[in-house]
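Asker: Contents of entry-v3.tsv (TSV, C-alpha atoms):
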```
chain	number	residue	atom	x	y	z
P	246	MET	CA	15.48	37.67	12.37
P	247	SER	CA	18.45	37.00	14.67
P	248	SER	CA	20.80	34.10	13.92
P	249	ALA	CA	19.66	32.41	17.15
P	250	SER	CA	15.98	32.54	16.21
P	251	SER	CA	16.83	31.51	12.64
P	252	SER	CA	18.73	28.49	13.98
P	253	ALA	CA	15.84	27.58	16.29
P	254	SER	CA	13.40	27.82	13.39
P	255	GLN	CA	15.63	25.59	11.27
P	256	ASP	CA	15.93	23.01	14.08
P	257	SER	CA	12.15	23.04	14.44
P	258	GLU	CA	11.68	22.43	10.71
P	259	GLU	CA	14.22	19.61	10.69
P	260	PHE	CA	12.69	17.87	13.72
P	261	GLU	CA	10.81	14.82	12.55
P	262	LYS	CA	7.85	13.62	14.56
P	263	SER	CA	7.77	9.88	15.17
P	264	ILE	CA	5.47	7.26	16.65
P	265	ALA	CA	7.41	7.61	19.90
P	266	GLU	CA	4.79	10.35	20.49
P	267	ASP	CA	1.29	9.24	21.42
P	268	LEU	CA	-0.37	11.93	19.28
P	269	VAL	CA	1.48	10.75	16.19
P	270	VAL	CA	0.37	7.16	16.84
P	271	THR	CA	-3.20	8.42	17.22
P	272	LYS	CA	-3.08	10.19	13.86
P	273	TYR	CA	-1.69	7.11	12.12
P	274	LYS	CA	-4.39	4.96	13.70
P	275	MET	CA	-7.13	7.41	12.72
P	276	ALA	CA	-5.91	7.33	9.12
P	277	GLY	CA	-5.77	3.53	9.29
P	278	GLN	CA	-9.33	3.28	10.61
P	279	ILE	CA	-10.57	5.50	7.79
P	280	VAL	CA	-8.74	3.39	5.22
P	281	ASN	CA	-10.24	0.18	6.60
P	282	ARG	CA	-13.77	1.61	6.67
P	283	VAL	CA	-13.52	2.84	3.09
P	284	LEU	CA	-11.89	-0.40	1.90
P	285	ARG	CA	-14.72	-2.41	3.45
P	286	GLN	CA	-17.30	-0.30	1.57
P	287	ILE	CA	-15.37	-0.58	-1.68
P	288	VAL	CA	-15.17	-4.38	-1.46
P	289	GLU	CA	-18.94	-4.51	-0.84
P	290	ILE	CA	-19.69	-2.66	-4.10
P	291	CYS	CA	-17.27	-4.76	-6.16
P	292	LYS	CA	-20.00	-6.81	-7.79
P	293	ILE	CA	-20.79	-8.24	-11.22
P	294	GLY	CA	-21.61	-5.39	-13.60
P	295	ALA	CA	-20.01	-2.64	-11.50
P	296	SER	CA	-17.91	0.05	-13.17
P	297	VAL	CA	-14.28	0.26	-12.06
P	298	ARG	CA	-14.21	3.99	-12.79
P	299	ASN	CA	-17.30	4.63	-10.64
P	300	ILE	CA	-15.88	2.57	-7.78
P	301	CYS	CA	-12.56	4.47	-7.88
P	302	THR	CA	-14.43	7.80	-7.89
P	303	SER	CA	-16.55	6.63	-4.94
P	304	GLY	CA	-13.46	5.53	-3.02
P	305	ASP	CA	-11.77	8.93	-3.33
P	306	LYS	CA	-15.00	10.69	-2.36
P	307	LEU	CA	-15.39	8.49	0.74
P	308	ILE	CA	-11.79	9.14	1.86
P	309	LEU	CA	-12.31	12.91	1.59
P	310	GLU	CA	-15.61	12.69	3.47
P	311	GLU	CA	-14.13	10.57	6.27
P	312	THR	CA	-10.93	12.61	6.71
P	313	GLY	CA	-13.02	15.79	6.63
P	314	LYS	CA	-14.78	14.70	9.84
P	315	VAL	CA	-11.67	14.63	12.05
P	316	PHE	CA	-9.84	17.50	13.79
P	317	LYS	CA	-12.59	19.92	12.75
P	318	SER	CA	-12.63	21.75	16.07
P	319	SER	CA	-8.88	22.04	16.64
P	320	GLY	CA	-7.49	25.55	16.65
P	321	LYS	CA	-4.75	24.60	14.21
P	322	LYS	CA	-5.68	23.77	10.62
P	323	VAL	CA	-4.70	20.14	10.04
P	324	LYS	CA	-4.04	18.94	6.50
P	325	LYS	CA	-5.79	15.67	5.70
P	326	GLY	CA	-7.14	13.73	2.77
P	327	ILE	CA	-6.06	11.17	0.18
P	328	ALA	CA	-2.61	9.59	0.60
P	329	PHE	CA	-3.09	7.25	-2.35
P	330	PRO	CA	-5.96	7.56	-4.86
P	331	THR	CA	-8.32	4.60	-5.17
P	332	CYS	CA	-7.24	2.11	-7.85
P	333	LEU	CA	-8.87	-1.13	-9.02
P	334	SER	CA	-6.56	-3.33	-11.08
P	335	VAL	CA	-8.24	-6.47	-12.43
P	336	ASN	CA	-6.84	-9.95	-13.24
P	337	ASN	CA	-3.49	-9.54	-15.03
P	338	CYS	CA	-3.41	-5.77	-14.45
P	339	ILE	CA	-0.85	-5.32	-11.67
P	340	ALA	CA	-1.45	-1.81	-10.36
P	341	ASN	CA	-2.50	1.84	-10.79
P	342	PHE	CA	-5.65	1.44	-12.91
P	343	SER	CA	-8.00	4.33	-12.14
P	344	PRO	CA	-9.43	5.68	-15.42
P	345	LEU	CA	-10.71	9.17	-16.16
P	346	SER	CA	-14.17	9.81	-17.65
P	347	ASP	CA	-12.78	10.07	-21.18
P	348	GLN	CA	-10.78	6.81	-20.92
P	349	PRO	CA	-11.92	3.18	-21.38
P	350	ASP	CA	-13.65	1.75	-18.30
P	351	TYR	CA	-13.83	-1.86	-17.12
P	352	VAL	CA	-16.99	-3.66	-15.96
P	353	LEU	CA	-16.50	-6.38	-13.35
P	354	ASN	CA	-17.34	-10.03	-14.12
P	355	GLU	CA	-17.71	-13.16	-12.02
P	356	GLY	CA	-14.32	-14.58	-11.06
P	357	ASP	CA	-12.41	-11.34	-11.66
P	358	VAL	CA	-9.41	-10.93	-9.35
P	359	VAL	CA	-9.71	-7.32	-8.22
P	360	LYS	CA	-6.86	-5.52	-6.48
P	361	VAL	CA	-7.93	-2.46	-4.49
P	362	GLU	CA	-5.40	0.16	-3.41
P	363	LEU	CA	-6.13	3.33	-1.45
P	364	GLY	CA	-4.70	5.51	1.30
P	365	ALA	CA	-5.53	8.38	3.64
P	366	HIS	CA	-3.53	10.79	5.77
P	367	ILE	CA	-4.11	12.90	8.85
P	368	ASP	CA	-1.62	15.76	9.23
P	369	GLY	CA	0.70	14.04	6.76
P	370	PHE	CA	0.74	10.73	8.66
P	371	MET	CA	-0.22	8.20	6.00
P	372	ALA	CA	-1.94	4.83	6.08
P	373	SER	CA	-2.41	2.78	2.91
P	374	THR	CA	-3.66	-0.65	2.04
P	375	GLY	CA	-3.80	-3.19	-0.75
P	376	HIS	CA	-6.50	-5.84	-0.79
P	377	THR	CA	-7.54	-8.45	-3.36
P	378	HIS	CA	-11.08	-9.70	-3.80
P	379	VAL	CA	-12.43	-12.33	-6.21
P	380	ILE	CA	-15.84	-11.33	-7.56
P	381	ALA	CA	-18.77	-13.55	-6.50
P	382	SER	CA	-16.62	-15.89	-4.42
P	383	THR	CA	-18.42	-17.63	-1.55
P	384	PRO	CA	-17.85	-20.76	0.58
P	385	ASN	CA	-20.23	-22.51	-1.84
P	386	ASN	CA	-18.52	-21.03	-4.90
P	387	LYS	CA	-14.88	-21.41	-3.98
P	388	VAL	CA	-11.95	-19.99	-5.91
P	389	SER	CA	-9.63	-22.63	-7.35
P	390	GLY	CA	-6.77	-23.07	-9.81
P	391	LYS	CA	-4.35	-20.24	-10.52
P	392	ARG	CA	-6.65	-17.69	-8.89
P	393	ALA	CA	-6.56	-19.55	-5.58
P	394	ASP	CA	-2.82	-20.18	-5.79
P	395	VAL	CA	-1.97	-16.52	-6.28
P	396	MET	CA	-4.39	-15.36	-3.58
P	397	LEU	CA	-3.01	-17.75	-0.97
P	398	ALA	CA	0.59	-16.98	-1.95
P	399	ALA	CA	0.08	-13.24	-1.49
P	400	HIS	CA	-1.83	-13.72	1.77
P	401	TYR	CA	0.75	-15.99	3.42
P	402	ALA	CA	3.64	-13.86	2.12
P	403	SER	CA	2.10	-10.76	3.68
P	404	GLN	CA	1.64	-12.61	6.98
P	405	ALA	CA	5.26	-13.82	6.92
P	406	ALA	CA	6.46	-10.30	6.12
P	407	LEU	CA	4.51	-8.83	9.04
P	408	LYS	CA	6.14	-11.25	11.51
P	409	LEU	CA	9.59	-10.08	10.36
P	410	PHE	CA	9.07	-6.37	10.90
P	411	LYS	CA	11.04	-6.12	14.13
P	412	PRO	CA	13.95	-3.88	15.14
P	413	GLY	CA	17.21	-5.58	14.19
P	414	ASN	CA	15.72	-7.69	11.40
P	415	LYS	CA	16.76	-6.87	7.86
P	416	ALA	CA	14.82	-6.05	4.70
P	417	SER	CA	16.42	-9.03	2.97
P	418	GLN	CA	14.72	-11.37	5.47
P	419	VAL	CA	11.34	-10.08	4.29
P	420	THR	CA	12.14	-10.42	0.59
P	421	ASP	CA	13.56	-13.93	1.16
P	422	ALA	CA	10.42	-15.01	3.02
P	423	VAL	CA	8.17	-13.63	0.28
P	424	GLN	CA	10.17	-15.55	-2.32
P	425	SER	CA	9.94	-18.75	-0.25
P	426	VAL	CA	6.15	-18.51	-0.02
P	427	ALA	CA	5.91	-17.88	-3.77
P	428	ILE	CA	7.82	-21.09	-4.45
P	429	GLU	CA	5.41	-23.07	-2.25
P	430	PHE	CA	2.45	-22.01	-4.42
P	431	GLY	CA	4.13	-22.10	-7.84
P	432	CYS	CA	3.96	-18.31	-8.14
P	433	ASN	CA	6.38	-15.41	-8.63
P	434	PRO	CA	6.58	-12.12	-6.75
P	435	ILE	CA	6.12	-9.18	-9.12
P	436	LYS	CA	9.60	-7.82	-9.86
P	437	ASN	CA	10.62	-4.46	-8.39
P	438	THR	CA	7.51	-3.96	-6.25
P	439	GLY	CA	8.54	-1.30	-3.77
P	440	SER	CA	7.71	-0.94	-0.09
P	441	SER	CA	8.13	2.49	1.50
P	442	ARG	CA	9.25	4.00	4.77
P	443	LEU	CA	6.76	6.66	5.85
P	444	LYS	CA	7.36	9.92	7.67
P	445	GLN	CA	5.20	13.00	8.05
P	446	PHE	CA	4.41	14.15	4.49
P	447	LYS	CA	7.27	11.95	3.22
P	448	ILE	CA	7.38	8.68	1.29
P	449	GLU	CA	10.84	7.13	1.05
P	450	GLN	CA	11.68	4.06	-1.02
P	451	ALA	CA	12.71	1.39	1.49
P	452	PHE	CA	13.20	-1.96	-0.21
P	453	ILE	CA	12.20	-3.83	-3.35
P	454	GLN	CA	10.49	-7.20	-3.69
P	455	ASN	CA	12.14	-9.55	-6.20
P	456	PRO	CA	14.67	-7.07	-7.69
P	457	THR	CA	16.03	-7.72	-11.17
P	458	GLU	CA	19.64	-8.87	-11.57
P	459	VAL	CA	20.49	-5.39	-12.84
P	460	ASP	CA	19.04	-3.72	-9.73
P	461	LYS	CA	20.44	-6.13	-7.11
P	462	PRO	CA	23.95	-4.60	-6.90
P	463	GLU	CA	22.41	-1.15	-6.40
P	464	LEU	CA	20.29	-2.20	-3.42
P	465	GLU	CA	21.49	-1.73	0.13
P	466	ASP	CA	20.22	-4.06	2.81
P	467	PHE	CA	19.29	-2.35	6.07
P	468	GLU	CA	17.93	-3.04	9.53
P	469	PHE	CA	14.48	-2.08	10.75
P	470	SER	CA	14.46	0.31	13.70
P	471	LEU	CA	12.10	0.92	16.58
P	472	TYR	CA	9.47	3.58	15.76
P	473	ASP	CA	9.84	3.11	11.99
P	474	VAL	CA	6.65	3.13	9.89
P	475	TYR	CA	6.38	1.19	6.63
P	476	ASN	CA	3.87	0.76	3.85
P	477	VAL	CA	4.41	-2.84	2.74
P	478	ARG	CA	3.30	-4.09	-0.70
P	479	ILE	CA	3.25	-7.81	-1.50
P	480	CYS	CA	2.34	-8.62	-5.13
P	481	MET	CA	2.18	-12.19	-6.44
P	482	SER	CA	1.72	-13.45	-9.99
P	483	SER	CA	0.67	-16.79	-11.41
P	484	GLY	CA	2.97	-15.91	-14.32
P	485	GLU	CA	6.61	-14.87	-14.59
P	486	GLY	CA	6.21	-11.81	-12.36
P	487	VAL	CA	7.28	-9.16	-14.87
P	488	GLY	CA	5.18	-6.02	-15.32
P	489	ARG	CA	4.87	-4.32	-18.69
P	490	GLN	CA	3.01	-1.35	-20.14
P	491	ILE	CA	0.54	-2.07	-22.93
P	492	GLY	CA	-0.71	1.42	-23.71
P	493	THR	CA	-3.15	2.16	-20.88
P	494	LYS	CA	-2.82	5.87	-20.13
P	495	GLU	CA	-1.56	6.65	-16.63
P	496	THR	CA	-3.62	8.92	-14.35
P	497	LEU	CA	-1.56	8.89	-11.13
P	498	TYR	CA	1.39	11.16	-10.39
P	499	ARG	CA	3.48	12.38	-7.47
P	500	LYS	CA	5.66	15.46	-7.01
P	501	THR	CA	9.38	14.79	-6.66
P	502	ASP	CA	12.11	16.92	-5.05
P	503	GLU	CA	13.62	17.89	-8.42
P	504	LYS	CA	13.94	21.60	-9.29
P	505	TYR	CA	13.34	23.20	-12.68
P	506	GLN	CA	12.07	26.57	-13.92
P	507	LEU	CA	9.02	25.69	-16.00
P	508	LYS	CA	8.64	27.61	-19.25
P	509	LEU	CA	4.94	27.26	-20.01
P	510	ARG	CA	2.34	29.23	-18.04
P	511	ALA	CA	-0.04	26.25	-18.02
P	512	SER	CA	2.73	24.10	-16.55
P	513	ARG	CA	3.53	26.62	-13.82
P	514	MET	CA	-0.13	26.99	-12.84
P	515	PHE	CA	-0.62	23.23	-12.76
P	516	TYR	CA	2.55	22.58	-10.75
P	517	SER	CA	1.66	25.33	-8.25
P	518	GLU	CA	-1.74	23.73	-7.66
P	519	VAL	CA	-0.14	20.30	-7.22
P	520	SER	CA	2.36	21.66	-4.69
P	521	HIS	CA	-0.33	23.49	-2.73
P	522	LYS	CA	-2.99	20.75	-2.69
P	523	TYR	CA	-0.96	17.54	-2.56
P	524	GLY	CA	2.66	18.23	-1.61
P	525	ASN	CA	4.47	14.92	-2.13
P	526	MET	CA	1.29	12.82	-1.94
P	527	PRO	CA	0.24	10.81	-5.01
P	528	PHE	CA	-2.77	12.27	-6.83
P	529	ASN	CA	-5.12	11.38	-9.67
P	530	LEU	CA	-5.77	13.83	-12.53
P	531	ARG	CA	-9.47	13.21	-11.84
P	532	SER	CA	-9.15	15.33	-8.67
P	533	PHE	CA	-8.70	18.48	-10.75
P	534	GLU	CA	-11.96	20.23	-11.63
P	535	ASP	CA	-10.72	20.74	-15.18
P	536	TYR	CA	-8.34	17.84	-15.65
P	537	LYS	CA	-8.33	18.36	-19.43
P	538	SER	CA	-6.62	21.71	-18.85
P	539	ALA	CA	-4.35	20.08	-16.28
P	540	LYS	CA	-3.16	17.71	-19.01
P	541	LEU	CA	-1.73	20.72	-20.86
P	542	GLY	CA	0.68	21.45	-18.03
P	543	ILE	CA	1.62	17.94	-17.03
P	544	ASN	CA	3.95	16.99	-19.89
P	545	GLU	CA	6.60	19.61	-19.14
P	546	CYS	CA	6.52	18.63	-15.45
P	547	VAL	CA	7.01	14.95	-16.29
P	548	ASN	CA	9.67	15.61	-18.94
P	549	HIS	CA	11.80	17.50	-16.41
P	550	LYS	CA	11.16	14.94	-13.63
P	551	LEU	CA	9.19	17.31	-11.41
P	552	LEU	CA	6.50	14.63	-11.34
P	553	GLU	CA	6.84	10.87	-10.98
P	554	VAL	CA	4.45	8.80	-13.09
P	555	PHE	CA	2.68	5.70	-11.77
P	556	PRO	CA	2.46	3.49	-14.88
P	557	VAL	CA	-0.39	1.01	-15.36
P	558	LEU	CA	1.40	-2.34	-15.52
P	559	TYR	CA	0.27	-5.76	-16.71
P	560	GLU	CA	1.34	-9.37	-16.40
P	561	LYS	CA	0.86	-11.61	-19.46
P	562	PRO	CA	-2.74	-12.32	-20.54
P	563	ASN	CA	-4.48	-15.28	-18.85
P	564	GLU	CA	-2.35	-14.83	-15.71
P	565	TYR	CA	-3.53	-13.44	-12.37
P	566	VAL	CA	-1.99	-11.03	-9.90
P	567	SER	CA	-2.88	-10.67	-6.23
P	568	HIS	CA	-1.80	-7.87	-3.91
P	569	PHE	CA	-1.96	-7.49	-0.15
P	570	GLY	CA	-0.48	-4.41	1.43
P	571	PHE	CA	-0.52	-2.83	4.86
P	572	THR	CA	0.89	-0.03	6.98
P	573	VAL	CA	2.85	-1.21	10.00
P	574	LEU	CA	4.15	0.70	13.03
P	575	LEU	CA	7.24	-0.75	14.73
P	576	MET	CA	6.29	-0.33	18.38
P	577	PRO	CA	8.07	-1.57	21.54
P	578	THR	CA	5.39	-4.30	21.86
P	579	GLY	CA	6.02	-5.50	18.29
P	580	PRO	CA	4.83	-4.66	14.78
P	581	HIS	CA	1.38	-3.07	14.79
P	582	ARG	CA	-0.52	-3.39	11.52
P	583	ILE	CA	-3.10	-0.61	11.19
P	584	THR	CA	-4.60	-1.37	7.76
P	585	GLY	CA	-6.07	-4.40	6.03
P	586	LEU	CA	-9.13	-6.67	6.20
P	587	LEU	CA	-9.39	-10.25	7.39
P	588	PHE	CA	-8.58	-12.87	4.77
P	589	GLU	CA	-11.29	-15.52	4.35
P	590	LEU	CA	-9.37	-18.76	3.90
P	591	ASP	CA	-12.55	-20.80	3.40
P	592	LEU	CA	-13.11	-19.13	0.02
P	593	TYR	CA	-10.06	-20.78	-1.58
P	594	GLU	CA	-8.95	-24.30	-2.40
P	595	SER	CA	-5.52	-25.03	-3.85
P	596	GLU	CA	-3.45	-28.13	-4.58
P	597	TYR	CA	-0.54	-26.36	-2.86
P	598	LYS	CA	0.16	-25.68	0.80
P	599	ILE	CA	3.05	-24.48	2.95
P	600	LYS	CA	5.48	-27.35	3.52
P	601	ASN	CA	8.66	-25.40	4.30
P	602	PRO	CA	9.34	-25.99	8.06
P	603	GLN	CA	10.92	-22.55	8.58
P	604	LEU	CA	7.94	-20.83	6.99
P	605	LYS	CA	5.52	-22.88	9.09
P	606	THR	CA	7.36	-21.84	12.25
P	607	LEU	CA	7.42	-18.19	11.18
P	608	LEU	CA	3.72	-18.11	10.33
P	609	ASN	CA	2.82	-19.71	13.65
P	610	THR	CA	4.81	-17.10	15.58
P	611	SER	CA	2.92	-14.20	17.15
P	612	ALA	CA	4.14	-10.82	15.91
P	613	ASN	CA	3.09	-9.09	19.13
P	614	GLN	CA	5.01	-9.56	22.38
P	615	LYS	CA	1.86	-9.14	24.47
P	616	ASN	CA	0.17	-11.93	22.55
P	617	ARG	CA	3.24	-14.14	23.02
P	618	LYS	CA	3.19	-13.50	26.78
P	619	LYS	CA	-0.53	-14.30	26.94
P	620	LYS	CA	0.02	-17.47	24.92
P	621	THR	CA	2.94	-18.52	27.15
P	622	LYS	CA	0.89	-17.81	30.27
P	623	THR	CA	-2.01	-19.89	28.89
P	624	LEU	CA	0.34	-22.74	28.03
P	625	ASN	CA	1.91	-22.63	31.51
P	626	GLN	CA	-1.54	-22.69	33.13
P	627	SER	CA	-2.53	-25.61	30.91
P	628	SER	CA	0.66	-27.49	31.83
P	629	THR	CA	0.01	-26.89	35.54
P	630	LEU	CA	-3.55	-28.15	35.17
P	631	LEU	CA	-2.41	-31.23	33.26
P	632	GLY	CA	0.20	-31.86	35.96
P	633	CYS	CA	-2.51	-31.77	38.62
P	634	ILE	CA	-4.75	-34.10	36.64
P	635	SER	CA	-1.98	-36.61	36.05
```
Output the file's structure in the form of structure tokens.

Answerer:
Amino acid sequence: MSSASSSASQDSEEFEKSIAEDLVVTKYKMAGQIVNRVLRQIVEICKIGASVRNICTSGDKLILEETGKVFKSSGKKVKKGIAFPTCLSVNNCIANFSPLSDQPDYVLNEGDVVKVELGAHIDGFMASTGHTHVIASTPNNKVSGKRADVMLAAHYASQAALKLFKPGNKASQVTDAVQSVAIEFGCNPIKNTGSSRLKQFKIEQAFIQNPTEVDKPELEDFEFSLYDVYNVRICMSSGEGVGRQIGTKETLYRKTDEKYQLKLRASRMFYSEVSHKYGNMPFNLRSFEDYKSAKLGINECVNHKLLEVFPVLYEKPNEYVSHFGFTVLLMPTGPHRITGLLFELDLYESEYKIKNPQLKTLLNTSANQKNRKKKTKTLNQSSTLLGCIS
């Protein structure tokens, strides 16, 4: 190969597709629509007596079925599938609970606070979501107490965060707003919850919610830019907001960019399969046909940091954690959220409410410029009409 063609090939590989291209936006939106459809089905089967393990298995199966339906007739083979395996973390469990068949399951009960996480990708363009649902809650059986406080705190914090995702705004504005909402409801953001910047087949750590004092000096504030894509995670606790491991075996992993020559044959075979099937996407051991054999190769990969582990974390007993997450595209018209379900405010009653004037103003601001123009136009028309009447 000539140096010119080699250089051209390298430039092509380094070129990163962005949502400035219509096709890229389409792929993100397709992934988002799949995520929302699957999430809706998962919430519907979260009922009293349901098995968390079975629901997680169903969620992953649904994502694969839905992503398998798109781009079937295109000449080019398009990679697609799970961007984040389905997890159901209940009550004081913060995240990443998705047990294997030989691990303890959990059966859902009335009043359980269930956090659902899942994600899909089309051609490496990822959409993920986090949603919290209280089992058997209805307008006639409202959620109250700490459960309601933590649900409302996470909901309003996610709404405030969305309004701040604009070019020129800084990550610190989002974390400050989340902290302010937490204070209003007597809650705490879960420490070191990360939100990510997304690119094709890439997940980059962007900023951290409620960093510890040790981590604060290491963090660099930065501005959001037009055509950025973020996966935003807002986690609230009725307790102190500190996650801890209590012995639940992890099942989720993700390949890193570290390099190491593995010694064991089982490790090399396992790592090769991970690289081929998932790239840098998170995966669950359950997705391997013989995950018991896969366990033989995983330790060496983890020990040499070829794989990142997603630990199953818990808040203190008798506390509750709520999580709302979404994928947002920073478009010229404003932030465009492509994942998430509507929050039913009439299911919750709390002694707390938003009193902070700045937060009230922020939450009442439209995130989308088109909506603001429509609202302004409507207000102007109303003013004209009132002027005529008077």

Asker: I need every residue sitting at most 9 Å from the point (4.3, 7.8, -10.6) (coordinates as in the file, all atoms listed in the file considered), written as an NGL selection string.

Answerer: :P and (495-500 or 527 or 552-556)

Asker: With a distance cut-off of 9 Å and all atoms listed in the file, select the neighbouring residues of range 418-434 of chain P, excluding the residue or stretch itself and same-chain residues fewer than 6 positions from it, and output the selection as a count of residues only.

Answerer: 36

Asker: Which value, in Å to one decimal, gives the distance between CA of Asp466 in chain P and CA of Leu574 in chain P?

Answerer: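 Answer for the CA of Asp466 in chain P to CA of Leu574 in chain P separation: 19.6 Å.
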
Asker: Please indicate the distance in Å from CA of Ser520 in chain P to CA of Lys325 in chain P, rounded to one decimal place.

Answerer: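 Interatomic distance, CA of Ser520 in chain P to CA of Lys325 in chain P: 14.5 Å.
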
Asker: Using all atoms listed in the file, can you tell me which of P:Glu362, P:Glu594, P:Glu449, P:Glu458 comes closest to Val288 in chain P?

Answerer: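 Of P:Glu362, P:Glu594, P:Glu449, P:Glu458, the one nearest Val288 in chain P, counting all atoms listed in the file, is P:Glu362.
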
Asker: Neighbouring residues of Glu468 in chain P were defined as those with any atom within 8 Å, considering all atoms listed in the file; residues of the same chain fewer than 2 positions away were excluded. Please report them as a list in words.

Answerer: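 Surrounding residues, per the criterion: Pro412, Gly413, Asn414, Lys415, Ala416, Asp466 and Ser470 of chain P.
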
Asker: What's the separation between CA of Ser263 in chain P and CA of Leu575 in chain P, in Å to one decimal place?

Answerer: 10.7 Å
